[in-house]
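First up is the structure itself, then whatever we jot down about it.
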Amino acid sequence: MKSSTALNLNPTIFVIFGGTGDLNKRKLAPALYNLFTEGYMPKKFAVIGTGRTEFIDQTFKEELKDAVNEFSRSGKVDKEKWDDFAKTIHYTPTDFTKPKTFETLKSAVEKYQKEFGKETQVIYYLAVAPKFFSMTAEYLHKYKLTQDEDNSRIVVEKPFGHNLESAKELNKLLGCIFTEKQIYRIDHYLGKETVQNMMAFRFANALFEPLWNRSYIDHVQISVTEQLGVEDRGGYYEGAGALRDMIQNHLLQLLCLVGMEVPIKFEADELRDRKVEVLKAIRPFSAENVRFNAVRGQYGKGWVEGKEVPSYRHETSVDEHSNTETFAAIKFYIDNWRWQNVPFYLRTGKRLNQTSSLITIQFRDVPHQIFDADVAENWQQNRLIISIQPEMSIRMQMQAKRPGVDMVLNPVDMVFDYKGTYETDTPEAYETLLLDVMMGDQTLFMRGDQVEAAWELVMPILNAWESKQSINFPNYPADSWGPEEAEALIARDGFHWYNLPLKEQK
Ligand code: BG6
């Protein structure tokens with residue numbers, strides 16, 4: 001990240017639809033405040049929150065202050081800095097049933113545009129429920145709020161569509177109002193520091209590229225496990241499930257970063273082209289191989305840290321016979337020269353035993369073993385483990401000789417750990433992403449064709465799972481590693497899921 005003075009950011013107006021909602025409180029407001037205190041906001045900027053609630057500016061500011069105090073990585077606000085930041089905040093109610101309210105919003109935007117000058121950029125952030133995405137875009141168009149192609153942008157949260165068809169429709173509608181350069185489809189995983197580092201790691205080091213292929217890599221695991229259950233998000237989650245909520249976006253994006261070819265330069269469309277190529281090369285599923293290569297699960301009740309937790313079917317707003325999966329494990333193949341027959345195992349789930357996001361690259365065994373079996377005590381093929389969270393590290397597991405007069409080998413770790421290496425605080429994904437939107441950099445955002453390619457891939461699995469009620473749900477207890485079938489999926493190929501040892505968890 002550079003400072004905004006060096007970047008010379010144009011004056012910016014952020015219009016946040018869903019200003020009173022959870023996303024703004026937990027993520028956007030803290031991110032904007034941190035960017036402000038660290039000197040990354042443009043010299044002139046304004047934040048206009050909007051929603052159906054009738055608020056006066058002061059009440060809105062107080063709500064955001066409480067939220068930043070609660071959710072910001074930097075802790076409670078500094079009074080002076082907050083007061084300065086709060087001067088930029090404004091609230092104006094909007095209601096689709098009262099078009100006049102959009103005229104008020106327009107006046108608020110125009111007032112700042114006049115004050116800030118003609119270079120002012122306006123960013124419309126759709127932090128609303130997905131069913132309002134199209135309507136909001138249409139209203140922005142109707143009230144001529146987005147006519148200036150160079151200076152207006154729209155940020156669309158996930159989920160982008162509910163299936164392939166609705167994603168296509170949304171892309172089509174946005175395409176009639178905006179150019180692709182104006183559309184920022186968020187996948188917050190791409191803003192995570194460790195995820196961005198995947199590109200530096202792969203493409204700024206000569207060491208890995210020669211090994212990064214089917215000749216040396218045995219298989220890849222991408223595992224995003226969460227201890228939390230669905231909590232109060234049952235209303236949303238019932239219509240989503242793990243496949244839509246995590247695999248279609250976050251996990252497939254991680255797969256793309258591991259699988260992509262080397263780009264010619266570090267430039268948004270070049271990188272996104274390489275990622276789309278991966279999605280297009282993934283072997284499509286048929287109804288038959290969904291059964292063999294995809295496992296779904298739903299959590300039952302259990303105990304987490306001494307507290308009894310309910311089963312998914314007993315969470316608020318969840319159907320007592322729900323068929324929604326809270327766990328998914330899938331085996332993919334990428335049909336190209338680099339990856340032919342290298343399995344990529346993806347796994348995600350809620351109410352599992354650990355919260356961690358790991359990418360494990362397991363290398364092939366040595367071609368010829370010169371050591372006797374008793375010399376290599378715990379023989380383990382080389383592994384590269386990229387830990388995205390909560391630990392942020394990259395570790396290389398290899399064999400070494402244990403000190404002593406005997407020749408005894410055992411696996412050791414070479415670790416690059418962010419905490420031990422850098423003293424600076426890591427920005428939250430949303431800080432990086434909001435700054436990128438202001439800079440007009442789409443590298444870490446999804447292009448329309450990428451979203452559609454990812455939907456196309458998961459549709460056969462989605463259809464198979466939706467059309468057939470699972471008879472064994474719930475099939476894993478809270479605080480476990482998911483259903484036994486997920487172990488069997490990988491064990492059939494002679495592997496097992498890799499988890500960081502518990503002591504590594506912070
Ligand atoms: C969101 C999903 O996109 O990502 C949530 O909707 C999930 O269900 C979350 O918990 C995980 O994100 P993170 O950053 O906490 O790993």
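Starting from 1 in every chain, residues are counted up; chains themselves are A, B, ... following the order of the structure tokens, and ligands are numbered from 1 as listed.
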Need the shell around range 22-35 of chain A: protein/DNA/RNA residues with any atom at most 6 Å away, counting only C-alpha atoms. Skip same-chain ones fewer than 5 positions apart. Format as an mmCIF file with C-alpha atoms, in the first residue's frame?
```cif
data_model
loop_
_atom_site.group_PDB
_atom_site.id
_atom_site.type_symbol
_atom_site.label_atom_id
_atom_site.label_comp_id
_atom_site.auth_asym_id
_atom_site.auth_seq_id
_atom_site.Cartn_x
_atom_site.Cartn_y
_atom_site.Cartn_z
ATOM 1 C CA TYR A 40 -4.863 6.693 2.969
ATOM 2 C CA MET A 41 -8.082 8.601 2.375
ATOM 3 C CA ALA A 67 -19.580 0.007 15.694
ATOM 4 C CA VAL A 68 -15.990 1.127 15.048
ATOM 5 C CA PHE A 71 -15.252 -4.029 15.498
ATOM 6 C CA SER A 72 -12.162 -2.106 14.392
ATOM 7 C CA TYR A 430 -11.881 -4.457 3.369
ATOM 8 C CA GLU A 431 -9.275 -1.706 3.852
#
```
Within 7 Å of Arg364 in chain A, counting only C-alpha atoms, which residues qualify if same-chain residues fewer than 5 places away don't, as a PDB file with C-alpha atoms, in the first residue's frame?
```pdb
ATOM      1  CA  TYR A 216       6.314 -32.550  -8.726  1.00  0.00           C
ATOM      2  CA  ILE A 217       2.966 -31.916  -7.073  1.00  0.00           C
ATOM      3  CA  ASP A 218       0.996 -34.862  -5.814  1.00  0.00           C
ATOM      4  CA  GLN A 381       6.526 -36.122   1.553  1.00  0.00           C
TER       5      GLN A 381
END
```
Surrounding residues of range 245-258 of chain A excluding itself and chain neighbours under 2 positions, 9 Å, only C-alpha atoms, as a PyMOL selection string: chain A and resi 158-159+187-190+195+198-199+202+212+220+222-224+237+240-243+260-261+274-279+328+344+346-349+359+451+454-455+457-458
Just checking: using only C-alpha atoms, which residue out of A:Val437, A:Val15, A:Ala478, A:Leu9 ends up closest to Lys307 in chain A? A:Ala478
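Distance check against ligand 1 using only C-alpha atoms and all ligand atoms: of A:Met392, A:Ile361, A:Val366, A:Ala429, the minimum falls on A:Ala429.
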Nearest to ligand 1, chosen from A:Ile16, A:Ala108, A:Val47, A:Val230, with only C-alpha atoms and all ligand atoms counted in the distances: A:Val230
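Picture a line from CA of Ser215 in chain A to CA of Tyr498 in chain A; it runs 21.4 Å.
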d(CA of Val304 in chain A, CA of His496 in chain A) in Å: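 Pair CA of Val304 in chain A / CA of His496 in chain A returns 24.0 Å.
CA of Glu149 in chain A is positioned 16.3 Å from CA of Gly117 in chain A.
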I need the residues in range 49-285 of chain A that are strand (DSSP E) according to DSSP; give them as an MDAnalysis selection string. chainID A and resid 49:50 89:91 121:126 152:156 183:185 217:225
Test item: residues at most 9 Å from Glu452 in chain A, only C-alpha atoms, excluding those fewer than 6 positions along its chain, as a PyMOL selection string: chain A and resi 163-165+167-168+171
Could you name the residues that touch Met396 in chain A at 12 Å or less, counting only C-alpha atoms, but leaving out those on the same chain fewer than 2 positions away, as an mmCIF file with all heavy atoms, in the first residue's frame?
```cif
data_model
loop_
_atom_site.group_PDB
_atom_site.id
_atom_site.type_symbol
_atom_site.label_atom_id
_atom_site.label_comp_id
_atom_site.auth_asym_id
_atom_site.auth_seq_id
_atom_site.Cartn_x
_atom_site.Cartn_y
_atom_site.Cartn_z
ATOM 1 N N PHE A 208 9.936 -21.663 -7.016
ATOM 2 C CA PHE A 208 8.767 -22.551 -7.008
ATOM 3 C C PHE A 208 8.232 -22.912 -8.391
ATOM 4 O O PHE A 208 7.740 -24.009 -8.600
ATOM 5 C CB PHE A 208 7.655 -21.949 -6.154
ATOM 6 C CG PHE A 208 8.086 -21.764 -4.735
ATOM 7 C CD1 PHE A 208 8.391 -20.511 -4.239
ATOM 8 C CD2 PHE A 208 8.244 -22.867 -3.909
ATOM 9 C CE1 PHE A 208 8.834 -20.351 -2.937
ATOM 10 C CE2 PHE A 208 8.690 -22.723 -2.608
ATOM 11 C CZ PHE A 208 8.992 -21.459 -2.119
ATOM 12 N N ILE A 359 -3.952 -23.706 2.719
ATOM 13 C CA ILE A 359 -3.722 -24.312 1.409
ATOM 14 C C ILE A 359 -2.511 -25.225 1.586
ATOM 15 O O ILE A 359 -1.462 -24.772 2.034
ATOM 16 C CB ILE A 359 -3.423 -23.243 0.345
ATOM 17 C CG1 ILE A 359 -4.592 -22.269 0.220
ATOM 18 C CG2 ILE A 359 -3.095 -23.892 -1.000
ATOM 19 C CD1 ILE A 359 -4.343 -21.118 -0.734
ATOM 20 N N THR A 360 -2.699 -26.485 1.283
ATOM 21 C CA THR A 360 -1.583 -27.429 1.437
ATOM 22 C C THR A 360 -1.214 -27.996 0.075
ATOM 23 O O THR A 360 -2.068 -28.552 -0.619
ATOM 24 C CB THR A 360 -1.989 -28.594 2.380
ATOM 25 O OG1 THR A 360 -2.465 -28.018 3.591
ATOM 26 C CG2 THR A 360 -0.833 -29.519 2.672
ATOM 27 N N ILE A 361 0.041 -27.818 -0.273
ATOM 28 C CA ILE A 361 0.524 -28.384 -1.538
ATOM 29 C C ILE A 361 1.400 -29.561 -1.160
ATOM 30 O O ILE A 361 2.428 -29.369 -0.505
ATOM 31 C CB ILE A 361 1.423 -27.360 -2.299
ATOM 32 C CG1 ILE A 361 0.861 -25.932 -2.238
ATOM 33 C CG2 ILE A 361 1.788 -27.837 -3.692
ATOM 34 C CD1 ILE A 361 -0.136 -25.587 -3.255
ATOM 35 N N GLN A 362 0.986 -30.725 -1.531
ATOM 36 C CA GLN A 362 1.821 -31.885 -1.194
ATOM 37 C C GLN A 362 2.615 -32.322 -2.417
ATOM 38 O O GLN A 362 2.045 -32.566 -3.480
ATOM 39 C CB GLN A 362 0.961 -33.028 -0.673
ATOM 40 C CG GLN A 362 1.821 -34.240 -0.387
ATOM 41 C CD GLN A 362 1.300 -35.073 0.768
ATOM 42 O OE1 GLN A 362 0.737 -34.564 1.728
ATOM 43 N NE2 GLN A 362 1.489 -36.368 0.660
ATOM 44 N N PHE A 363 3.938 -32.391 -2.228
ATOM 45 C CA PHE A 363 4.814 -32.763 -3.346
ATOM 46 C C PHE A 363 4.943 -34.280 -3.450
ATOM 47 O O PHE A 363 4.625 -35.006 -2.506
ATOM 48 C CB PHE A 363 6.195 -32.116 -3.153
ATOM 49 C CG PHE A 363 6.146 -30.622 -3.346
ATOM 50 C CD1 PHE A 363 5.827 -29.771 -2.297
ATOM 51 C CD2 PHE A 363 6.351 -30.072 -4.599
ATOM 52 C CE1 PHE A 363 5.740 -28.397 -2.475
ATOM 53 C CE2 PHE A 363 6.255 -28.694 -4.794
ATOM 54 C CZ PHE A 363 5.952 -27.858 -3.730
ATOM 55 N N GLN A 380 7.635 -38.255 5.583
ATOM 56 C CA GLN A 380 6.534 -37.418 5.119
ATOM 57 C C GLN A 380 6.979 -36.711 3.835
ATOM 58 O O GLN A 380 8.036 -36.091 3.802
ATOM 59 C CB GLN A 380 6.202 -36.382 6.218
ATOM 60 C CG GLN A 380 5.308 -35.235 5.798
ATOM 61 C CD GLN A 380 3.969 -35.738 5.305
ATOM 62 O OE1 GLN A 380 3.273 -36.472 5.996
ATOM 63 N NE2 GLN A 380 3.616 -35.369 4.078
ATOM 64 N N GLN A 381 6.189 -36.827 2.787
ATOM 65 C CA GLN A 381 6.526 -36.122 1.553
ATOM 66 C C GLN A 381 6.579 -34.629 1.845
ATOM 67 O O GLN A 381 5.907 -34.157 2.749
ATOM 68 C CB GLN A 381 5.439 -36.385 0.506
ATOM 69 C CG GLN A 381 5.481 -37.796 -0.044
ATOM 70 C CD GLN A 381 4.137 -38.229 -0.589
ATOM 71 O OE1 GLN A 381 3.494 -39.122 -0.058
ATOM 72 N NE2 GLN A 381 3.700 -37.595 -1.658
ATOM 73 N N ASN A 382 7.363 -33.896 1.042
ATOM 74 C CA ASN A 382 7.446 -32.432 1.258
ATOM 75 C C ASN A 382 6.077 -31.799 1.114
ATOM 76 O O ASN A 382 5.298 -32.182 0.245
ATOM 77 C CB ASN A 382 8.388 -31.784 0.228
ATOM 78 C CG ASN A 382 9.816 -32.230 0.388
ATOM 79 O OD1 ASN A 382 10.515 -32.445 -0.578
ATOM 80 N ND2 ASN A 382 10.252 -32.397 1.608
ATOM 81 N N ARG A 383 5.849 -30.835 1.993
ATOM 82 C CA ARG A 383 4.577 -30.109 1.944
ATOM 83 C C ARG A 383 4.847 -28.629 2.064
ATOM 84 O O ARG A 383 5.699 -28.222 2.856
ATOM 85 C CB ARG A 383 3.713 -30.468 3.134
ATOM 86 C CG ARG A 383 2.879 -31.676 3.012
ATOM 87 C CD ARG A 383 1.966 -31.684 4.218
ATOM 88 N NE ARG A 383 1.326 -32.964 4.372
ATOM 89 C CZ ARG A 383 1.182 -33.575 5.546
ATOM 90 N NH1 ARG A 383 1.659 -33.019 6.641
ATOM 91 N NH2 ARG A 383 0.572 -34.729 5.628
ATOM 92 N N LEU A 384 4.081 -27.865 1.312
ATOM 93 C CA LEU A 384 4.113 -26.421 1.464
ATOM 94 C C LEU A 384 2.751 -26.049 2.022
ATOM 95 O O LEU A 384 1.729 -26.394 1.432
ATOM 96 C CB LEU A 384 4.316 -25.801 0.083
ATOM 97 C CG LEU A 384 4.404 -24.302 0.050
ATOM 98 C CD1 LEU A 384 5.715 -23.847 0.652
ATOM 99 C CD2 LEU A 384 4.360 -23.831 -1.402
ATOM 100 N N ILE A 385 2.746 -25.393 3.182
ATOM 101 C CA ILE A 385 1.457 -25.084 3.811
ATOM 102 C C ILE A 385 1.298 -23.579 3.930
ATOM 103 O O ILE A 385 2.093 -22.910 4.602
ATOM 104 C CB ILE A 385 1.365 -25.753 5.196
ATOM 105 C CG1 ILE A 385 1.484 -27.259 5.012
ATOM 106 C CG2 ILE A 385 0.050 -25.415 5.897
ATOM 107 C CD1 ILE A 385 2.201 -27.922 6.111
ATOM 108 N N ILE A 386 0.301 -23.073 3.253
ATOM 109 C CA ILE A 386 0.058 -21.633 3.304
ATOM 110 C C ILE A 386 -1.116 -21.425 4.241
ATOM 111 O O ILE A 386 -2.232 -21.854 3.951
ATOM 112 C CB ILE A 386 -0.242 -21.096 1.887
ATOM 113 C CG1 ILE A 386 0.973 -21.399 1.004
ATOM 114 C CG2 ILE A 386 -0.541 -19.593 1.911
ATOM 115 C CD1 ILE A 386 0.718 -21.285 -0.453
ATOM 116 N N SER A 387 -0.858 -20.802 5.371
ATOM 117 C CA SER A 387 -1.911 -20.615 6.354
ATOM 118 C C SER A 387 -2.424 -19.183 6.232
ATOM 119 O O SER A 387 -1.709 -18.222 6.490
ATOM 120 C CB SER A 387 -1.356 -20.902 7.748
ATOM 121 O OG SER A 387 -2.339 -20.597 8.702
ATOM 122 N N SER A 393 1.022 -17.592 7.857
ATOM 123 C CA SER A 393 2.387 -18.120 7.690
ATOM 124 C C SER A 393 2.492 -18.961 6.423
ATOM 125 O O SER A 393 1.483 -19.361 5.844
ATOM 126 C CB SER A 393 2.744 -19.000 8.891
ATOM 127 O OG SER A 393 1.911 -20.144 8.892
ATOM 128 N N ILE A 394 3.721 -19.183 6.031
ATOM 129 C CA ILE A 394 3.980 -20.157 4.965
ATOM 130 C C ILE A 394 5.025 -21.104 5.527
ATOM 131 O O ILE A 394 6.062 -20.658 6.019
ATOM 132 C CB ILE A 394 4.504 -19.460 3.693
ATOM 133 C CG1 ILE A 394 3.457 -18.480 3.157
ATOM 134 C CG2 ILE A 394 4.883 -20.497 2.635
ATOM 135 C CD1 ILE A 394 3.854 -17.732 1.908
ATOM 136 N N MET A 398 9.992 -30.420 5.408
ATOM 137 C CA MET A 398 10.942 -31.303 4.718
ATOM 138 C C MET A 398 11.604 -32.262 5.677
ATOM 139 O O MET A 398 11.422 -32.163 6.887
ATOM 140 C CB MET A 398 11.967 -30.462 3.985
ATOM 141 C CG MET A 398 12.570 -29.379 4.787
ATOM 142 S SD MET A 398 13.385 -28.331 3.604
ATOM 143 C CE MET A 398 13.607 -26.917 4.529
ATOM 144 N N GLN A 399 12.396 -33.146 5.131
ATOM 145 C CA GLN A 399 13.093 -34.127 5.960
ATOM 146 C C GLN A 399 14.445 -33.559 6.371
ATOM 147 O O GLN A 399 15.106 -32.885 5.593
ATOM 148 C CB GLN A 399 13.348 -35.405 5.163
ATOM 149 C CG GLN A 399 12.113 -36.081 4.639
ATOM 150 C CD GLN A 399 11.205 -36.530 5.767
ATOM 151 O OE1 GLN A 399 11.662 -36.946 6.823
ATOM 152 N NE2 GLN A 399 9.918 -36.423 5.531
ATOM 153 N N PRO A 411 10.637 -35.159 9.919
ATOM 154 C CA PRO A 411 10.199 -33.955 9.209
ATOM 155 C C PRO A 411 10.372 -32.697 10.066
ATOM 156 O O PRO A 411 10.127 -32.721 11.264
ATOM 157 C CB PRO A 411 8.698 -34.196 8.964
ATOM 158 C CG PRO A 411 8.378 -35.525 9.516
ATOM 159 C CD PRO A 411 9.521 -36.014 10.328
ATOM 160 N N VAL A 412 10.846 -31.625 9.430
ATOM 161 C CA VAL A 412 10.986 -30.331 10.123
ATOM 162 C C VAL A 412 10.300 -29.251 9.290
ATOM 163 O O VAL A 412 10.062 -29.431 8.095
ATOM 164 C CB VAL A 412 12.464 -29.938 10.323
ATOM 165 C CG1 VAL A 412 13.142 -30.854 11.308
ATOM 166 C CG2 VAL A 412 13.201 -29.899 8.983
ATOM 167 N N ASP A 413 10.015 -28.120 9.950
ATOM 168 C CA ASP A 413 9.328 -27.019 9.256
ATOM 169 C C ASP A 413 10.247 -25.818 9.077
ATOM 170 O O ASP A 413 10.928 -25.417 10.012
ATOM 171 C CB ASP A 413 8.141 -26.541 10.110
ATOM 172 C CG ASP A 413 6.977 -27.499 10.046
ATOM 173 O OD1 ASP A 413 7.145 -28.579 9.444
ATOM 174 O OD2 ASP A 413 5.924 -27.169 10.601
ATOM 175 N N MET A 414 10.261 -25.246 7.884
ATOM 176 C CA MET A 414 10.886 -23.939 7.675
ATOM 177 C C MET A 414 9.734 -22.964 7.598
ATOM 178 O O MET A 414 8.866 -23.112 6.729
ATOM 179 C CB MET A 414 11.626 -23.958 6.342
ATOM 180 C CG MET A 414 13.108 -23.729 6.482
ATOM 181 S SD MET A 414 13.930 -24.081 4.930
ATOM 182 C CE MET A 414 13.320 -22.787 3.905
ATOM 183 N N VAL A 415 9.700 -22.004 8.513
ATOM 184 C CA VAL A 415 8.482 -21.192 8.617
ATOM 185 C C VAL A 415 8.732 -19.711 8.346
ATOM 186 O O VAL A 415 9.666 -19.115 8.901
ATOM 187 C CB VAL A 415 7.859 -21.325 10.030
ATOM 188 C CG1 VAL A 415 6.530 -20.587 10.113
ATOM 189 C CG2 VAL A 415 7.697 -22.774 10.404
ATOM 190 N N PHE A 416 7.908 -19.140 7.491
ATOM 191 C CA PHE A 416 7.854 -17.681 7.368
ATOM 192 C C PHE A 416 6.551 -17.270 8.054
ATOM 193 O O PHE A 416 5.469 -17.655 7.635
ATOM 194 C CB PHE A 416 7.851 -17.267 5.894
ATOM 195 C CG PHE A 416 7.183 -15.923 5.656
ATOM 196 C CD1 PHE A 416 7.660 -14.784 6.288
ATOM 197 C CD2 PHE A 416 6.093 -15.798 4.815
ATOM 198 C CE1 PHE A 416 7.041 -13.547 6.098
ATOM 199 C CE2 PHE A 416 5.468 -14.574 4.615
ATOM 200 C CZ PHE A 416 5.943 -13.446 5.266
ATOM 201 N N ASP A 417 6.713 -16.484 9.136
ATOM 202 C CA ASP A 417 5.532 -16.136 9.909
ATOM 203 C C ASP A 417 5.428 -14.618 9.927
ATOM 204 O O ASP A 417 6.398 -13.919 10.228
ATOM 205 C CB ASP A 417 5.733 -16.765 11.300
ATOM 206 C CG ASP A 417 5.027 -16.047 12.404
ATOM 207 O OD1 ASP A 417 3.856 -15.740 12.214
ATOM 208 O OD2 ASP A 417 5.666 -15.815 13.452
#
```
Using only C-alpha atoms and all ligand atoms for the distances, tell me which of A:Tyr184, A:Phe116, A:Phe160, A:Phe332 is nearest to ligand 1. A:Phe160
Need to verify the contact set: range 459-470 of chain A, 9 Å, only C-alpha atoms, exclusion of same-chain residues closer than 3 positions in sequence. Can you return it as a PyMOL selection string? chain A and resi 163-164+243-244+284-287+290-291+294+296-297+322-325+454-456+473-474
Which of range 155-294 of chain A DSSP labels alpha helix (DSSP H), written as a ChimeraX atom specification: /A:164-177,193-203,234-237,241-242,252-259,268-281,287-293
Within 10 Å of Glu110 in chain A, counting only C-alpha atoms, which residues show up once you throw out same-chain ones fewer than 5 positions away? Write them as a ChimeraX atom specification, please. /A:13,104-105,115-116,145
Using the selection just defined, write its residues with C-alpha atoms as an mmCIF file, in the first residue's frame.
```cif
data_model
loop_
_atom_site.group_PDB
_atom_site.id
_atom_site.type_symbol
_atom_site.label_atom_id
_atom_site.label_comp_id
_atom_site.auth_asym_id
_atom_site.auth_seq_id
_atom_site.Cartn_x
_atom_site.Cartn_y
_atom_site.Cartn_z
ATOM 1 C CA ILE A 13 -17.866 10.394 -2.233
ATOM 2 C CA THR A 104 -32.637 13.950 -1.953
ATOM 3 C CA LEU A 105 -29.730 11.530 -2.310
ATOM 4 C CA GLU A 115 -17.696 21.518 -3.192
ATOM 5 C CA PHE A 116 -14.958 19.032 -4.190
ATOM 6 C CA LEU A 145 -26.441 9.307 -10.676
#
```
